[in-house]
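Asks: Attaching a single structure in structure tokens format; questions to follow.
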Amino acid sequence: MSNVVLRNLCISLGGNEIIRDLDLDVEEGEFLVLLGPSGCGKSTLLHSIAGLIDVSAGSVGIGGRDMTDADPSERGIGMVFQSYALYPTMTVEKNMSFGLRINGTPKAEIARRIARTAEMLQLGPLLGRKPAQLSGGQRQRVAIGRALVREAGVFLFDEPLSNLDAKLRAELRRELKLLHRKLGSTMIYVTHDQVEAMTLATRIVVMRAGKIQQIGTPAEVYERPANLFVAGFLGAPAMNFVPGALGAGGVFAAGGLRLDLAAHATAGARDAVLGIRPEHVRIGHGGAPAGTVSLVEPMGNHQVVWIESGGQLLSALVHDASTFALGEAVSFEVDTARVSLFDRPGGQRL
Amino acid sequence: MKRRKSSSTPARLGIYAFLAGAALFFLLPLYVMLVTSLKPMDEIRLGHIFALPLQITLEPWRDAWSGACTGVACEGIRGGFWNSVAIAVPATILPIVLGALNGYALSFWRPRGANILFAILMAGAFIPVQVMMFPLVRVLGALGLFGSLPGIVLVHLIFSMPVLTLLFRNYYAALPQELFQAARIDGGGFLRIFVQLMLPMSLPIIVVAAIMQVTGVWNDYILGLVFAGRDNLPMTVQLNNVINTTTGTRLYNVNMAATILTSLVPLAIYFISGRWFVRGIAAGAVKG
């Protein structure tokens, strides 16, 4: 088990600066998820921790030692790749033992570790097979096993589940979470899938264009997004954004919509964007009609109802079986205690 | 879409007639060579070059292999055959190992200036061999390798590098980079990753390279003539000597037999490995 410390990290690829002056502390035993859209530099960051990309400035510390210029094999890491990257000419067993054989681990020790890992990941019956004879899910299990036998302090995952179908992905996601609980190792996991980030992480790092936007527990990042980008990136259906103006008394007005946000009264009068999670919009049939239903998306266990109000389109989650007709006039309430308010322009949380 | 049974339309018949004609055109010389090589000289003198032999004789073949005169000596082209084998085996294995190593280094390790090096190497492929002939003679002379077996092997090695490097570089470029990265994390070094991971994966492209290299080296005439030296003349040069050495009558049947014997190795390789060849080329094409 080790921690990872990045200081003033700069990475350039082909003359382009991908990451600039980045600091990040990963605690021992943490499951840290790097989340962001493709091209945000999260994979580059992971590769630099692994030593597969040279950093142009700054330092990488793993387990209290400076590893900035160390060879990938000396860093005490195990890595799982998106394409599995299994050695096609070797059996599962040889795949897993390749690294151990290279650094001269005694035969008995190799056998012990493989047996232990194979049992943990249910790879026993597959040990004699070649990668081509495995299904996608099995391949990814083997790739995870190959990283585990190294018994490294830090495990790195580079979008390991994105080549799998939805059902397998959910299955392996649960397995990974259990694995982390069992091993207690430090894990750094790159993904663009917010569901993986929310379910797996002990902490999420949201990145955009090479910069960290917010670091926090899944609940913090979801409930109190630091800016409009984070707010929009997490959550499905996405958060509703209502541009408007905050009055001196804490009353937010946008078109016909008026909300009393007493908690934000201190922010002063200014232009702002109000962010409302769909689950914080409650629709009722009675009361003063405030909007009309413009679209209903049934999801099985819930439905997403889109209502138009004063020129704004708002989505609302409905968990009961009530039905809404298109064009129906409805009333709605917003849970004002849980909304987010962002600066306009600027997009920073107020 | 409905497919018409079209084996008998005039257009079809035309195509078949053309194909049959083309096949005949290319097979006719081989046929003439084969029948002539099986005829005694008396029959050849009759002048019916397309006629089947009336009396089949294997004497010209025996003669061509072990009795025909290649200048002063009259030992057939047997010696040339073994010389060609002695040249072709190392001149196939060494270039493939080196070409694979080059391609591997260029694709995965990407040393500084790799692209420039590769461009220079590629430029070499476009310069005619004849231009480099004289400078190479001087260089090999200075190294003391001129007119020796290592010398001719070295020359073949040099001239094969651009194409073989390109072949392997493109093959490796199509492999996922993550495979290499996984091996780096597992602690693999330059040679270990090459030998234990990349070479076993390269079998299809090695077969293609071996076919190209064996055929090229075997069919080579000018390099063998210039660089091999009197004791190592390859079969092609010996064949030329057999045909140009005449005392009395020109022994057409022996010449034909010697020619067929010389082209037997590349022919055999094409027949045995043609499928592999196409597969390897196609694999490279699809994957980029």
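We label chains A, B, ... in the order they appear in the structure tokens, count residues from 1 in each chain, and number ligands from 1 in the order shown.
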If we count only C-alpha atoms and set the cut-off at 8 Å, which residues sit around Phe241 (chain A), ignoring sequence neighbours fewer than 3 positions away in its own chain? Please answer as number ranges by chain.

Replies: A: 273-276

Asks: I'd like a table as CSV: residues in chain B with an atom no more than 9 Å from chain A, each row giving the shortest atom pair and its distance in Å to one decimal, only C-alpha atoms counted, sorted by chain and rising residue number.

Replies:
```
residue,atom,partner,partner_atom,distance
B:Pro176,CA,A:Ala85,CA,7.5
B:Gln177,CA,A:Ala85,CA,8.5
B:Glu178,CA,A:Ala85,CA,5.6
B:Leu179,CA,A:Ala85,CA,4.6
B:Phe180,CA,A:Ala85,CA,8.2
B:Gln181,CA,A:Leu52,CA,6.8
B:Ala182,CA,A:Ala85,CA,6.6
B:Ala183,CA,A:Gly99,CA,7.7
B:Arg184,CA,A:Pro72,CA,6.3
B:Ile185,CA,A:Ser73,CA,4.5
B:Asp186,CA,A:Gly99,CA,4.1
B:Gly187,CA,A:Ser73,CA,4.6
B:Gly188,CA,A:Ile102,CA,6.9
B:Arg192,CA,A:Ile102,CA,8.8
B:Leu197,CA,A:Tyr87,CA,7.0
B:Pro200,CA,A:Thr89,CA,6.6
B:Met201,CA,A:Thr89,CA,6.6
```

Asks: Could those selected residues go to a file with C-alpha atoms, as a compact mmCIF listing (two decimals), in the first residue's frame?

Replies:
```txt
# COMPACT_ATOMS: atom_id res chain seq x y z
CA PRO B 176 -1.73 -1.95 -29.75
CA GLN B 177 0.75 0.29 -27.95
CA GLU B 178 -0.80 -0.85 -24.65
CA LEU B 179 0.67 -4.31 -25.18
CA PHE B 180 4.12 -2.80 -25.10
CA GLN B 181 3.25 -0.62 -22.11
CA ALA B 182 1.97 -3.63 -20.18
CA ALA B 183 5.27 -5.40 -20.85
CA ARG B 184 7.20 -2.32 -19.71
CA ILE B 185 5.29 -2.30 -16.41
CA ASP B 186 6.01 -6.02 -16.08
CA GLY B 187 9.68 -5.07 -16.21
CA GLY B 188 10.53 -6.14 -19.76
CA ARG B 192 13.24 -9.32 -23.68
CA LEU B 197 6.62 -10.96 -26.83
CA PRO B 200 6.31 -14.89 -31.33
CA MET B 201 3.57 -12.54 -32.54
```

Asks: If we count only C-alpha atoms, what is near Glu308 (chain A) at a cut-off of 9 Å, once residues fewer than 2 positions away on the same chain are taken out, given as a PyMOL selection string?

Replies: chain A and resi 290-294+306+310-315

Asks: Atoms to include: all heavy atoms. Write the selected residues as an mmCIF file, in the first residue's frame.

Replies:
```cif
data_model
loop_
_atom_site.group_PDB
_atom_site.id
_atom_site.type_symbol
_atom_site.label_atom_id
_atom_site.label_comp_id
_atom_site.auth_asym_id
_atom_site.auth_seq_id
_atom_site.Cartn_x
_atom_site.Cartn_y
_atom_site.Cartn_z
ATOM 1 N N ALA A 290 -48.196 26.125 -12.949
ATOM 2 C CA ALA A 290 -46.981 26.908 -13.170
ATOM 3 C C ALA A 290 -46.292 26.536 -14.465
ATOM 4 O O ALA A 290 -45.371 27.202 -14.889
ATOM 5 C CB ALA A 290 -46.014 26.720 -12.006
ATOM 6 N N GLY A 291 -46.723 25.429 -15.087
ATOM 7 C CA GLY A 291 -46.064 25.027 -16.336
ATOM 8 C C GLY A 291 -46.901 24.000 -17.062
ATOM 9 O O GLY A 291 -47.921 23.532 -16.554
ATOM 10 N N THR A 292 -46.460 23.626 -18.263
ATOM 11 C CA THR A 292 -47.161 22.600 -19.022
ATOM 12 C C THR A 292 -46.196 21.465 -19.353
ATOM 13 O O THR A 292 -45.002 21.689 -19.532
ATOM 14 C CB THR A 292 -47.727 23.161 -20.340
ATOM 15 O OG1 THR A 292 -46.646 23.754 -21.064
ATOM 16 C CG2 THR A 292 -48.799 24.196 -20.099
ATOM 17 N N VAL A 293 -46.749 20.250 -19.406
ATOM 18 C CA VAL A 293 -45.918 19.082 -19.695
ATOM 19 C C VAL A 293 -45.588 19.077 -21.191
ATOM 20 O O VAL A 293 -46.477 19.135 -22.035
ATOM 21 C CB VAL A 293 -46.681 17.791 -19.328
ATOM 22 C CG1 VAL A 293 -45.861 16.557 -19.728
ATOM 23 C CG2 VAL A 293 -46.991 17.779 -17.846
ATOM 24 N N SER A 294 -44.294 19.015 -21.524
ATOM 25 C CA SER A 294 -43.947 19.025 -22.940
ATOM 26 C C SER A 294 -43.379 17.693 -23.424
ATOM 27 O O SER A 294 -43.324 17.433 -24.618
ATOM 28 C CB SER A 294 -42.954 20.144 -23.248
ATOM 29 O OG SER A 294 -41.701 19.847 -22.691
ATOM 30 N N TRP A 306 -40.684 16.458 -18.617
ATOM 31 C CA TRP A 306 -40.152 17.777 -18.990
ATOM 32 C C TRP A 306 -41.302 18.775 -18.969
ATOM 33 O O TRP A 306 -42.320 18.572 -19.611
ATOM 34 C CB TRP A 306 -39.520 17.726 -20.384
ATOM 35 C CG TRP A 306 -38.293 16.868 -20.421
ATOM 36 C CD1 TRP A 306 -38.255 15.511 -20.529
ATOM 37 C CD2 TRP A 306 -36.940 17.306 -20.338
ATOM 38 N NE1 TRP A 306 -36.952 15.068 -20.508
ATOM 39 C CE2 TRP A 306 -36.117 16.155 -20.405
ATOM 40 C CE3 TRP A 306 -36.326 18.550 -20.207
ATOM 41 C CZ2 TRP A 306 -34.740 16.209 -20.342
ATOM 42 C CZ3 TRP A 306 -34.944 18.613 -20.152
ATOM 43 C CH2 TRP A 306 -34.160 17.457 -20.217
ATOM 44 N N GLY A 310 -42.543 29.504 -18.249
ATOM 45 C CA GLY A 310 -41.995 30.839 -18.483
ATOM 46 C C GLY A 310 -40.805 30.810 -19.426
ATOM 47 O O GLY A 310 -39.792 31.453 -19.182
ATOM 48 N N GLY A 311 -40.886 30.005 -20.490
ATOM 49 C CA GLY A 311 -39.795 29.956 -21.466
ATOM 50 C C GLY A 311 -38.661 29.051 -21.050
ATOM 51 O O GLY A 311 -37.687 28.901 -21.788
ATOM 52 N N GLN A 312 -38.721 28.427 -19.859
ATOM 53 C CA GLN A 312 -37.674 27.512 -19.405
ATOM 54 C C GLN A 312 -38.146 26.069 -19.535
ATOM 55 O O GLN A 312 -39.316 25.775 -19.298
ATOM 56 C CB GLN A 312 -37.342 27.769 -17.924
ATOM 57 C CG GLN A 312 -36.810 29.145 -17.640
ATOM 58 C CD GLN A 312 -35.434 29.333 -18.226
ATOM 59 O OE1 GLN A 312 -34.724 28.362 -18.465
ATOM 60 N NE2 GLN A 312 -35.067 30.575 -18.481
ATOM 61 N N LEU A 313 -37.209 25.183 -19.901
ATOM 62 C CA LEU A 313 -37.528 23.767 -19.950
ATOM 63 C C LEU A 313 -36.881 23.100 -18.739
ATOM 64 O O LEU A 313 -35.668 23.197 -18.545
ATOM 65 C CB LEU A 313 -36.988 23.155 -21.250
ATOM 66 C CG LEU A 313 -37.656 21.866 -21.738
ATOM 67 C CD1 LEU A 313 -39.146 22.077 -21.929
ATOM 68 C CD2 LEU A 313 -37.004 21.423 -23.042
ATOM 69 N N LEU A 314 -37.672 22.446 -17.896
ATOM 70 C CA LEU A 314 -37.135 21.812 -16.693
ATOM 71 C C LEU A 314 -37.460 20.326 -16.726
ATOM 72 O O LEU A 314 -38.570 19.941 -17.091
ATOM 73 C CB LEU A 314 -37.773 22.409 -15.434
ATOM 74 C CG LEU A 314 -37.457 23.852 -15.077
ATOM 75 C CD1 LEU A 314 -38.219 24.241 -13.813
ATOM 76 C CD2 LEU A 314 -35.966 24.042 -14.875
ATOM 77 N N SER A 315 -36.513 19.494 -16.323
ATOM 78 C CA SER A 315 -36.814 18.070 -16.206
ATOM 79 C C SER A 315 -37.083 17.752 -14.746
ATOM 80 O O SER A 315 -36.496 18.365 -13.850
ATOM 81 C CB SER A 315 -35.654 17.231 -16.731
ATOM 82 O OG SER A 315 -34.482 17.508 -16.005
#
```

Asks: Can you tell me how far CA of Trp218 (chain B) sits from CA of Phe81 (chain B), in Å to one decimal?

Replies: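 CA of Trp218 (chain B) sits 9.5 Å away from CA of Phe81 (chain B).
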
Asks: Measuring atom to atom with only C-alpha atoms, identify which of A:Arg208, A:Arg277, A:Arg270, A:Arg7 is nearest to Val26 (chain A).

Replies: A:Arg7

Asks: When DSSP works through the backbone of this structure, what residues of region 119-309 of chain A end up as alpha helix (DSSP H), shown as a ChimeraX atom specification?

Replies: /A:119-120,136-148,166-183,194-200,218-223,228-233

Asks: Go ahead and save the residues from that selection, with C-alpha atoms, as an mmCIF file, in the first residue's frame.

Replies:
```
data_model
loop_
_atom_site.group_PDB
_atom_site.id
_atom_site.type_symbol
_atom_site.label_atom_id
_atom_site.label_comp_id
_atom_site.auth_asym_id
_atom_site.auth_seq_id
_atom_site.Cartn_x
_atom_site.Cartn_y
_atom_site.Cartn_z
ATOM 1 C CA GLU A 119 -9.134 -17.958 -6.680
ATOM 2 C CA MET A 120 -10.016 -14.350 -5.959
ATOM 3 C CA GLY A 136 -14.352 -10.014 -23.136
ATOM 4 C CA GLY A 137 -15.264 -10.210 -19.469
ATOM 5 C CA GLN A 138 -12.821 -13.070 -18.870
ATOM 6 C CA ARG A 139 -10.045 -11.145 -20.613
ATOM 7 C CA GLN A 140 -10.573 -8.142 -18.402
ATOM 8 C CA ARG A 141 -10.555 -10.405 -15.329
ATOM 9 C CA VAL A 142 -7.229 -11.843 -16.453
ATOM 10 C CA ALA A 143 -5.880 -8.329 -17.033
ATOM 11 C CA ILE A 144 -6.917 -7.407 -13.486
ATOM 12 C CA GLY A 145 -5.330 -10.628 -12.236
ATOM 13 C CA ARG A 146 -2.084 -9.826 -14.023
ATOM 14 C CA ALA A 147 -1.958 -6.504 -12.202
ATOM 15 C CA LEU A 148 -2.856 -8.091 -8.858
ATOM 16 C CA ALA A 166 -23.582 -2.854 -20.119
ATOM 17 C CA LYS A 167 -24.430 -5.970 -18.113
ATOM 18 C CA LEU A 168 -20.831 -7.163 -17.772
ATOM 19 C CA ARG A 169 -19.728 -3.667 -16.938
ATOM 20 C CA ALA A 170 -22.110 -3.501 -13.982
ATOM 21 C CA GLU A 171 -20.990 -6.953 -12.862
ATOM 22 C CA LEU A 172 -17.268 -6.194 -13.003
ATOM 23 C CA ARG A 173 -17.881 -2.824 -11.374
ATOM 24 C CA ARG A 174 -19.269 -4.583 -8.329
ATOM 25 C CA GLU A 175 -16.371 -7.036 -8.352
ATOM 26 C CA LEU A 176 -13.863 -4.200 -8.449
ATOM 27 C CA LYS A 177 -15.529 -2.510 -5.513
ATOM 28 C CA LEU A 178 -15.460 -5.738 -3.486
ATOM 29 C CA LEU A 179 -11.838 -6.286 -4.517
ATOM 30 C CA HIS A 180 -10.861 -2.859 -3.258
ATOM 31 C CA ARG A 181 -12.583 -3.530 0.030
ATOM 32 C CA LYS A 182 -10.806 -6.880 0.361
ATOM 33 C CA LEU A 183 -7.311 -5.709 -0.611
ATOM 34 C CA GLN A 194 -20.067 9.119 -14.257
ATOM 35 C CA VAL A 195 -21.877 6.006 -13.011
ATOM 36 C CA GLU A 196 -18.565 4.191 -12.526
ATOM 37 C CA ALA A 197 -17.161 7.248 -10.825
ATOM 38 C CA MET A 198 -20.116 7.634 -8.458
ATOM 39 C CA THR A 199 -20.318 3.959 -7.530
ATOM 40 C CA LEU A 200 -16.627 3.105 -7.164
ATOM 41 C CA PRO A 218 -19.073 11.396 -4.804
ATOM 42 C CA ALA A 219 -21.757 13.002 -2.626
ATOM 43 C CA GLU A 220 -19.904 16.306 -2.380
ATOM 44 C CA VAL A 221 -19.225 16.492 -6.097
ATOM 45 C CA TYR A 222 -22.815 15.618 -6.889
ATOM 46 C CA GLU A 223 -24.527 17.771 -4.275
ATOM 47 C CA LEU A 228 -21.179 24.714 -14.134
ATOM 48 C CA PHE A 229 -18.961 22.153 -15.892
ATOM 49 C CA VAL A 230 -18.957 19.732 -12.963
ATOM 50 C CA ALA A 231 -22.652 20.314 -12.406
ATOM 51 C CA GLY A 232 -23.454 19.484 -16.007
ATOM 52 C CA PHE A 233 -21.077 16.537 -16.280
#
```

Asks: Which residues, written as a ChimeraX atom specification, have at least one atom at most 6 Å from region 60-69 of chain A, with only C-alpha atoms counted and residues fewer than 6 positions away on the same chain left out?

Replies: /A:2-6

Asks: Export, as a PDB file, in the first residue's frame, the selected residues with N, CA and C atoms.

Replies:
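As written to disk, part_3.pdb reads:
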```pdb
ATOM      1  N   SER A   2       0.558   2.179  -0.875  1.00  0.00           N
ATOM      2  CA  SER A   2       1.320   3.419  -0.925  1.00  0.00           C
ATOM      3  C   SER A   2       0.406   4.585  -1.261  1.00  0.00           C
ATOM      4  N   ASN A   3       0.888   5.767  -0.939  1.00  0.00           N
ATOM      5  CA  ASN A   3       0.182   6.962  -1.392  1.00  0.00           C
ATOM      6  C   ASN A   3       0.854   7.484  -2.653  1.00  0.00           C
ATOM      7  N   VAL A   4       0.194   8.395  -3.334  1.00  0.00           N
ATOM      8  CA  VAL A   4       0.758   8.993  -4.542  1.00  0.00           C
ATOM      9  C   VAL A   4       0.662  10.504  -4.392  1.00  0.00           C
ATOM     10  N   VAL A   5       1.798  11.174  -4.643  1.00  0.00           N
ATOM     11  CA  VAL A   5       1.827  12.626  -4.512  1.00  0.00           C
ATOM     12  C   VAL A   5       2.340  13.233  -5.811  1.00  0.00           C
ATOM     13  N   LEU A   6       1.522  14.062  -6.431  1.00  0.00           N
ATOM     14  CA  LEU A   6       1.938  14.761  -7.648  1.00  0.00           C
ATOM     15  C   LEU A   6       2.135  16.231  -7.309  1.00  0.00           C
TER      16      LEU A   6
END
```
